[in-house]
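Structure file start_1.csv; described as CSV, C-alpha atoms.
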```
chain,number,residue,atom,x,y,z
V,1,MET,CA,-117.2,-162.5,-90.5
V,2,GLU,CA,-117.8,-164.8,-87.6
V,3,GLU,CA,-119.1,-163.3,-84.5
V,4,ASP,CA,-116.6,-163.1,-81.7
V,5,PRO,CA,-118.1,-165.0,-78.7
V,6,ARG,CA,-116.4,-162.5,-76.3
V,7,GLU,CA,-118.4,-159.7,-77.7
V,8,SER,CA,-121.6,-158.7,-76.0
V,9,ALA,CA,-124.3,-156.1,-76.4
V,10,VAL,CA,-123.3,-152.6,-75.3
V,11,THR,CA,-125.6,-150.1,-73.7
V,12,LEU,CA,-124.7,-146.5,-74.4
V,13,HIS,CA,-126.6,-144.3,-72.0
V,14,VAL,CA,-126.7,-140.8,-73.5
V,15,CYS,CA,-127.4,-137.8,-71.3
V,16,ILE,CA,-129.9,-135.7,-73.2
V,17,THR,CA,-130.0,-132.9,-70.6
V,18,CYS,CA,-126.2,-132.2,-70.9
V,19,ARG,CA,-125.2,-128.7,-72.1
V,20,ARG,CA,-121.9,-127.5,-73.4
V,21,GLY,CA,-120.6,-124.2,-72.2
V,22,GLU,CA,-123.2,-121.5,-71.9
V,23,GLU,CA,-126.0,-123.2,-73.8
V,24,PRO,CA,-129.5,-122.1,-72.7
V,25,LEU,CA,-131.7,-124.4,-70.7
V,26,GLU,CA,-134.5,-124.1,-73.2
V,27,PRO,CA,-135.5,-125.4,-75.6
V,28,ARG,CA,-134.3,-128.8,-74.6
V,29,GLU,CA,-133.9,-129.8,-78.2
V,30,GLY,CA,-131.1,-127.2,-78.4
V,31,ARG,CA,-129.0,-128.8,-75.8
V,32,SER,CA,-125.9,-130.7,-77.0
V,33,GLY,CA,-127.0,-133.8,-75.1
V,34,HIS,CA,-130.1,-133.9,-77.2
V,35,LYS,CA,-128.1,-133.4,-80.3
V,36,MET,CA,-125.6,-136.1,-79.2
V,37,ARG,CA,-128.4,-138.7,-79.0
V,38,LEU,CA,-129.6,-137.8,-82.5
V,39,ALA,CA,-126.1,-137.8,-83.9
V,40,LEU,CA,-125.3,-141.2,-82.4
V,41,ALA,CA,-128.6,-142.7,-83.6
V,42,GLU,CA,-128.0,-141.4,-87.1
V,43,ALA,CA,-124.5,-142.7,-87.3
V,44,LEU,CA,-125.6,-146.1,-86.2
V,45,GLN,CA,-128.3,-146.2,-88.8
V,46,ARG,CA,-126.1,-144.9,-91.5
V,47,GLU,CA,-123.1,-147.0,-91.0
V,48,GLY,CA,-124.5,-150.3,-89.9
V,49,ARG,CA,-121.7,-150.5,-87.3
V,50,SER,CA,-120.2,-153.9,-86.6
V,51,VAL,CA,-120.9,-153.9,-82.9
V,52,PRO,CA,-123.5,-156.6,-82.3
V,53,GLY,CA,-126.2,-154.5,-80.7
V,54,ILE,CA,-125.3,-151.1,-79.4
V,55,LYS,CA,-128.3,-150.1,-77.5
V,56,LEU,CA,-128.8,-146.4,-77.3
V,57,VAL,CA,-130.7,-145.3,-74.2
V,58,PRO,CA,-131.5,-141.7,-73.4
V,59,VAL,CA,-131.1,-140.7,-69.8
V,60,GLU,CA,-131.4,-137.5,-67.8
V,61,CYS,CA,-128.2,-136.7,-65.9
V,62,LEU,CA,-125.2,-138.9,-65.4
V,63,SER,CA,-124.0,-136.3,-62.8
V,64,GLY,CA,-121.3,-135.0,-65.1
V,65,CYS,CA,-123.1,-131.6,-65.6
V,66,LYS,CA,-119.9,-129.5,-65.5
V,67,ARG,CA,-118.3,-131.6,-68.2
V,68,GLY,CA,-121.0,-132.3,-70.8
V,69,CYS,CA,-121.7,-133.9,-73.0
V,70,THR,CA,-121.6,-137.3,-71.2
V,71,VAL,CA,-122.3,-140.9,-72.2
V,72,ALA,CA,-122.0,-144.1,-70.2
V,73,CYS,CA,-120.8,-147.4,-71.7
V,74,SER,CA,-121.9,-150.6,-70.0
V,75,ALA,CA,-122.6,-154.2,-70.5
V,76,PRO,CA,-123.4,-157.2,-68.3
V,77,SER,CA,-120.4,-158.3,-66.1
V,78,LYS,CA,-118.2,-155.6,-67.5
V,79,TRP,CA,-116.8,-152.4,-66.1
V,80,SER,CA,-118.9,-149.3,-66.8
V,81,TYR,CA,-117.4,-146.1,-68.1
V,82,VAL,CA,-118.7,-142.5,-67.9
V,83,ILE,CA,-117.1,-140.4,-70.6
V,84,CYS,CA,-117.3,-136.6,-70.5
V,85,ASP,CA,-116.3,-133.4,-72.5
V,86,LEU,CA,-117.9,-134.8,-75.6
V,87,ASP,CA,-119.1,-132.8,-78.6
V,88,PRO,CA,-121.9,-134.1,-80.9
V,89,GLN,CA,-120.2,-132.4,-83.8
V,90,GLN,CA,-116.8,-133.9,-83.3
V,91,HIS,CA,-116.8,-137.1,-81.3
V,92,VAL,CA,-119.6,-139.4,-82.5
V,93,ASN,CA,-117.2,-141.7,-84.4
V,94,ASP,CA,-114.8,-141.8,-81.4
V,95,ILE,CA,-117.6,-142.8,-79.1
V,96,LEU,CA,-118.7,-145.6,-81.4
V,97,ARG,CA,-115.1,-146.7,-81.9
V,98,PHE,CA,-114.7,-147.0,-78.2
V,99,ALA,CA,-118.0,-148.9,-77.9
V,100,GLU,CA,-116.6,-151.4,-80.4
V,101,GLN,CA,-113.4,-151.8,-78.5
V,102,TYR,CA,-115.4,-152.1,-75.3
V,103,SER,CA,-117.6,-154.8,-76.8
V,104,ALA,CA,-114.7,-156.8,-78.0
V,105,HIS,CA,-112.9,-156.8,-74.6
V,106,PRO,CA,-114.0,-159.5,-72.2
V,107,ASP,CA,-113.9,-157.2,-69.2
V,108,GLY,CA,-114.9,-154.0,-71.0
V,109,VAL,CA,-111.4,-152.5,-70.5
V,110,PRO,CA,-110.0,-151.7,-73.9
V,111,THR,CA,-106.2,-151.2,-74.0
V,112,TRP,CA,-105.5,-147.6,-73.2
V,113,ARG,CA,-103.1,-146.8,-76.1
V,114,ASP,CA,-105.7,-148.0,-78.6
V,115,ARG,CA,-108.5,-145.8,-77.4
V,116,PRO,CA,-109.5,-142.7,-79.4
V,117,GLU,CA,-107.7,-139.6,-78.1
V,118,ILE,CA,-110.8,-137.9,-76.7
V,119,ILE,CA,-111.6,-141.0,-74.7
V,120,LYS,CA,-108.1,-141.1,-73.3
V,121,ARG,CA,-108.6,-137.6,-71.9
V,122,SER,CA,-112.2,-137.9,-70.9
V,123,ILE,CA,-113.0,-140.8,-68.6
V,124,LEU,CA,-114.9,-139.1,-65.8
V,125,ALA,CA,-115.3,-142.3,-63.7
V,126,ARG,CA,-115.6,-146.0,-64.1
V,127,VAL,CA,-117.4,-148.6,-62.0
V,128,PRO,CA,-116.4,-152.3,-61.6
V,129,PRO,CA,-118.9,-155.1,-62.4
V,130,LEU,CA,-120.7,-156.4,-59.4
V,131,PRO,CA,-119.0,-159.4,-57.6
V,132,LEU,CA,-120.4,-162.8,-58.7
V,133,GLY,CA,-122.2,-163.2,-55.4
V,134,SER,CA,-124.4,-160.2,-56.2
V,135,ALA,CA,-125.4,-161.5,-59.5
V,136,ALA,CA,-126.5,-164.8,-57.9
V,137,GLN,CA,-128.4,-162.8,-55.4
V,138,GLU,CA,-130.2,-161.0,-58.2
V,139,GLU,CA,-131.2,-164.2,-59.9
V,140,ALA,CA,-132.6,-165.6,-56.7
V,141,ALA,CA,-134.6,-162.5,-56.0
A,142,MET,CA,-137.1,-154.9,-36.9
A,143,GLU,CA,-138.6,-156.6,-40.0
A,144,GLU,CA,-136.4,-156.6,-43.1
A,145,ASP,CA,-137.6,-154.2,-45.8
A,146,PRO,CA,-138.1,-156.3,-48.9
A,147,ARG,CA,-137.0,-153.4,-51.1
A,148,GLU,CA,-133.6,-153.5,-49.5
A,149,SER,CA,-130.8,-155.3,-51.3
A,150,ALA,CA,-127.2,-156.0,-50.8
A,151,VAL,CA,-124.9,-153.1,-51.6
A,152,THR,CA,-121.4,-153.3,-53.0
A,153,LEU,CA,-119.0,-150.6,-52.0
A,154,HIS,CA,-116.0,-150.6,-54.2
A,155,VAL,CA,-113.2,-148.7,-52.4
A,156,CYS,CA,-110.3,-147.4,-54.5
A,157,ILE,CA,-107.3,-148.4,-52.5
A,158,THR,CA,-104.8,-146.6,-54.8
A,159,CYS,CA,-106.5,-143.2,-54.3
A,160,ARG,CA,-104.3,-140.4,-52.8
A,161,ARG,CA,-105.3,-137.1,-51.3
A,162,GLY,CA,-103.3,-134.0,-52.1
A,163,GLU,CA,-99.6,-134.6,-52.3
A,164,GLU,CA,-99.4,-138.0,-50.7
A,165,PRO,CA,-96.4,-140.0,-51.8
A,166,LEU,CA,-96.9,-143.0,-54.1
A,167,GLU,CA,-95.1,-145.3,-51.7
A,168,PRO,CA,-95.7,-147.0,-49.4
A,169,ARG,CA,-99.1,-148.0,-50.7
A,170,GLU,CA,-100.3,-148.5,-47.2
A,171,GLY,CA,-99.8,-144.8,-46.6
A,172,ARG,CA,-102.3,-143.8,-49.2
A,173,SER,CA,-105.7,-142.5,-48.1
A,174,GLY,CA,-107.4,-145.1,-50.3
A,175,HIS,CA,-105.8,-147.9,-48.4
A,176,LYS,CA,-106.8,-146.2,-45.1
A,177,MET,CA,-110.3,-145.7,-46.4
A,178,ARG,CA,-110.7,-149.4,-46.9
A,179,LEU,CA,-109.5,-150.2,-43.4
A,180,ALA,CA,-111.6,-147.5,-41.8
A,181,LEU,CA,-114.8,-148.7,-43.6
A,182,ALA,CA,-114.1,-152.3,-42.6
A,183,GLU,CA,-113.5,-151.4,-39.0
A,184,ALA,CA,-116.6,-149.3,-38.9
A,185,LEU,CA,-118.7,-152.1,-40.3
A,186,GLN,CA,-117.3,-154.5,-37.8
A,187,ARG,CA,-117.6,-152.2,-34.9
A,188,GLU,CA,-121.1,-151.0,-35.4
A,189,GLY,CA,-122.9,-154.0,-36.9
A,190,ARG,CA,-124.6,-151.7,-39.4
A,191,SER,CA,-128.2,-152.3,-40.3
A,192,VAL,CA,-127.6,-152.5,-44.0
A,193,PRO,CA,-128.2,-156.1,-45.0
A,194,GLY,CA,-124.9,-157.1,-46.6
A,195,ILE,CA,-122.7,-154.2,-47.4
A,196,LYS,CA,-120.0,-155.9,-49.4
A,197,LEU,CA,-116.7,-154.0,-49.2
A,198,VAL,CA,-114.6,-154.7,-52.3
A,199,PRO,CA,-111.1,-153.1,-52.8
A,200,VAL,CA,-110.4,-151.9,-56.4
A,201,GLU,CA,-107.6,-150.2,-58.1
A,202,CYS,CA,-108.7,-147.0,-59.8
A,203,LEU,CA,-112.3,-145.7,-60.4
A,204,SER,CA,-110.8,-143.1,-62.7
A,205,GLY,CA,-111.3,-140.3,-60.2
A,206,CYS,CA,-107.6,-139.8,-59.4
A,207,LYS,CA,-107.8,-136.1,-59.2
A,208,ARG,CA,-110.5,-136.2,-56.6
A,209,GLY,CA,-109.5,-139.0,-54.2
A,210,CYS,CA,-110.6,-140.8,-52.2
A,211,THR,CA,-113.3,-142.4,-54.2
A,212,VAL,CA,-115.8,-145.2,-53.6
A,213,ALA,CA,-118.5,-146.6,-55.8
A,214,CYS,CA,-121.9,-147.7,-54.6
A,215,SER,CA,-123.8,-150.3,-56.7
A,216,ALA,CA,-126.4,-153.1,-56.5
A,217,PRO,CA,-128.2,-155.3,-59.0
A,218,SER,CA,-130.8,-153.4,-61.1
A,219,LYS,CA,-130.0,-150.0,-59.4
A,220,TRP,CA,-128.1,-146.9,-60.4
A,221,SER,CA,-124.4,-146.9,-59.5
A,222,TYR,CA,-122.8,-143.9,-57.9
A,223,VAL,CA,-119.1,-142.9,-57.9
A,224,ILE,CA,-118.4,-140.6,-54.9
A,225,CYS,CA,-115.2,-138.5,-54.7
A,226,ASP,CA,-113.3,-136.0,-52.4
A,227,LEU,CA,-113.6,-138.4,-49.5
A,228,ASP,CA,-111.4,-138.4,-46.4
A,229,PRO,CA,-111.0,-141.6,-44.4
A,230,GLN,CA,-110.7,-139.5,-41.2
A,231,GLN,CA,-113.9,-137.6,-41.8
A,232,HIS,CA,-116.4,-139.3,-44.0
A,233,VAL,CA,-116.7,-143.0,-43.1
A,234,ASN,CA,-120.0,-142.6,-41.3
A,235,ASP,CA,-121.4,-140.4,-44.2
A,236,ILE,CA,-120.5,-143.1,-46.7
A,237,LEU,CA,-122.2,-145.8,-44.7
A,238,ARG,CA,-125.2,-143.6,-44.1
A,239,PHE,CA,-125.5,-143.1,-47.9
A,240,ALA,CA,-125.1,-146.8,-48.4
A,241,GLU,CA,-128.0,-147.4,-46.1
A,242,GLN,CA,-130.2,-144.9,-47.9
A,243,TYR,CA,-129.1,-146.4,-51.2
A,244,SER,CA,-130.0,-149.9,-50.0
A,245,ALA,CA,-133.4,-148.8,-48.9
A,246,HIS,CA,-134.3,-147.1,-52.2
A,247,PRO,CA,-135.7,-149.4,-54.9
A,248,ASP,CA,-133.8,-147.7,-57.6
A,249,GLY,CA,-130.7,-146.7,-55.6
A,250,VAL,CA,-131.5,-143.0,-55.8
A,251,PRO,CA,-131.9,-141.6,-52.3
A,252,THR,CA,-133.7,-138.3,-52.0
A,253,TRP,CA,-131.2,-135.6,-52.5
A,254,ARG,CA,-132.0,-133.5,-49.4
A,255,ASP,CA,-131.7,-136.5,-47.1
A,256,ARG,CA,-128.1,-137.3,-48.2
A,257,PRO,CA,-125.1,-136.5,-46.0
A,258,GLU,CA,-123.7,-133.1,-47.0
A,259,ILE,CA,-120.4,-134.5,-48.3
A,260,ILE,CA,-122.3,-136.8,-50.6
A,261,LYS,CA,-124.4,-134.0,-52.0
A,262,ARG,CA,-121.2,-132.2,-53.0
A,263,SER,CA,-119.3,-135.2,-54.2
A,264,ILE,CA,-121.1,-137.3,-56.8
A,265,LEU,CA,-118.5,-137.7,-59.5
A,266,ALA,CA,-120.7,-139.6,-61.8
A,267,ARG,CA,-123.6,-142.1,-61.9
A,268,VAL,CA,-124.5,-144.9,-64.2
A,269,PRO,CA,-128.0,-146.2,-64.8
A,270,PRO,CA,-128.9,-149.9,-64.4
A,271,LEU,CA,-128.8,-151.9,-67.6
A,272,PRO,CA,-132.1,-152.1,-69.5
A,273,LEU,CA,-134.0,-155.3,-68.8
A,274,GLY,CA,-133.1,-156.7,-72.2
A,275,SER,CA,-129.5,-156.7,-71.3
A,276,ALA,CA,-130.1,-158.7,-68.1
A,277,ALA,CA,-132.0,-161.3,-70.1
A,278,GLN,CA,-129.1,-161.5,-72.5
A,279,GLU,CA,-126.8,-162.1,-69.6
A,280,GLU,CA,-128.8,-165.0,-68.3
A,281,ALA,CA,-129.0,-166.5,-71.7
A,282,ALA,CA,-125.2,-166.3,-72.2
```
Re-express the file's structure as structure tokens.
Amino acid sequence: MEEDPRESAVTLHVCITCRRGEEPLEPREGRSGHKMRLALAEALQREGRSVPGIKLVPVECLSGCKRGCTVACSAPSKWSYVICDLDPQQHVNDILRFAEQYSAHPDGVPTWRDRPEIIKRSILARVPPLPLGSAAQEEAA
Amino acid sequence: MEEDPRESAVTLHVCITCRRGEEPLEPREGRSGHKMRLALAEALQREGRSVPGIKLVPVECLSGCKRGCTVACSAPSKWSYVICDLDPQQHVNDILRFAEQYSAHPDGVPTWRDRPEIIKRSILARVPPLPLGSAAQEEAA
């Protein structure tokens, strides 16, 4: 299949400190956030997903602590999405499906009705891309 | 005063469609989000704030509809913050104070205890900067 030139690498920041419900603080490996990272990594390895370059990056806190697990989906010059209320045992495929949709959309804004149900319900916040002037400033710095 | 080289231009995306409480949908100019944009613009003009280049950008929906008003603070290579529960009649100075702190911090993560009280309570979500590889990819595209 030819590569769609509109597609771009997607970074999935996965909060590894997220807990669901009353999970204990320790051990950290017991937290759902940690499990989410492992589950996403395994799914990507297993399935050889078609997204050209999902980059999985662990992170400590996306500020969605009351609604864990959380992941953030971002790419250069696109909107960023923070998604919450995620369960590593249920939603890995939905997250990767959304990442594919996000990758294929030039602005990173997949059509709402096409999104997986859990994603429709669980956008915690979104951030627009920086205006063009800011990018130019970055290059000059 | 010498300019701090760590400081960088900050983009404040202001959601102009945000409503507080039971505000009616129309007219749009009656919404708190619209008023927030005006209040921030007026404050910046009036005070000649010291932040080198706060860029005020109106936007429709940061996905924090249940917790309006919302603004997002972002800059190249820094964390982005989405802030919620804001009132144009109360919090304009707090937002600009946070933008100053954000501008002065190399990663865009002001020390928590120094932040204005409303900001401490009202971080809806935050998004890490893209990994360096992604920026390189952007430049190559």
Kindly determine which residues of chain V lie within 9 Å of chain A, considering all atoms listed in the file, and give the answer as a PyMOL selection string.
chain V and resi 8-11+13+57+59+61-64+72-77+80-82+123-131+134-135+137-139
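Copy-to-copy comparison places chain V at a Cα RMSD of 0.1 Å from chain A, following a least-squares fit over all residues.
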Report, in Å to a single decimal, how far apart CA of Asp226 in chain A and CA of Asp255 in chain A are.
19.2 Å
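Between CA of Gly174 in chain A and CA of Val155 in chain A lies a distance of 7.1 Å.
As for CA of Glu241 in chain A and CA of Arg208 in chain A, they are spaced 23.3 Å apart.
Among the candidates V:Ala104, V:Ser32, V:Arg20, V:Lys78, the residue lying nearest to Leu132 in chain V is V:Lys78 (atoms considered: only C-alpha atoms).
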Pick from A:Cys210, A:Ala182, A:Met177, A:Leu197: nearest to Arg160 in chain A, with only C-alpha atoms counted?
A:Cys210
Could you please give me, as a ChimeraX atom specification, the residues of protein, DNA or RNA lying at most 10 Å from (-128.5, -131.4, -76.9) in the coordinate frame of the file, considering all atoms listed in the file?
/V:15-20,23,25,27-39,68-69,87-88
Can I get the selected residues back with C-alpha atoms, as a compact mmCIF listing (two decimals), in the frame of the given file?
```txt
# COMPACT_ATOMS: atom_id res chain seq x y z
CA CYS V 15 -127.40 -137.80 -71.30
CA ILE V 16 -129.90 -135.70 -73.20
CA THR V 17 -130.00 -132.90 -70.60
CA CYS V 18 -126.20 -132.20 -70.90
CA ARG V 19 -125.20 -128.70 -72.10
CA ARG V 20 -121.90 -127.50 -73.40
CA GLU V 23 -126.00 -123.20 -73.80
CA LEU V 25 -131.70 -124.40 -70.70
CA PRO V 27 -135.50 -125.40 -75.60
CA ARG V 28 -134.30 -128.80 -74.60
CA GLU V 29 -133.90 -129.80 -78.20
CA GLY V 30 -131.10 -127.20 -78.40
CA ARG V 31 -129.00 -128.80 -75.80
CA SER V 32 -125.90 -130.70 -77.00
CA GLY V 33 -127.00 -133.80 -75.10
CA HIS V 34 -130.10 -133.90 -77.20
CA LYS V 35 -128.10 -133.40 -80.30
CA MET V 36 -125.60 -136.10 -79.20
CA ARG V 37 -128.40 -138.70 -79.00
CA LEU V 38 -129.60 -137.80 -82.50
CA ALA V 39 -126.10 -137.80 -83.90
CA GLY V 68 -121.00 -132.30 -70.80
CA CYS V 69 -121.70 -133.90 -73.00
CA ASP V 87 -119.10 -132.80 -78.60
CA PRO V 88 -121.90 -134.10 -80.90
```
Please list as a PyMOL selection string every residue within 8 Å of Ile260 in chain A, counting all atoms listed in the file and excluding residues in the same chain fewer than 2 positions away.
chain A and resi 224+235-236+239+256-258+262-264
Taking all atoms listed in the file into account, name the residue in V:Leu86, V:Ile54, V:Ala43, V:Gly21 that is nearest to Lys120 in chain V.
V:Leu86
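With all atoms listed in the file as the basis for measurement, V:Ala99 is the residue among V:Ala99, V:Leu40, V:Val92, V:Ile118 that approaches Gly53 in chain V most closely.
Proximity to Leu44 in chain V was assessed for V:Lys66, V:Arg97, V:His105, V:Arg113 counting all atoms listed in the file; the smallest distance is recorded for V:Arg97.
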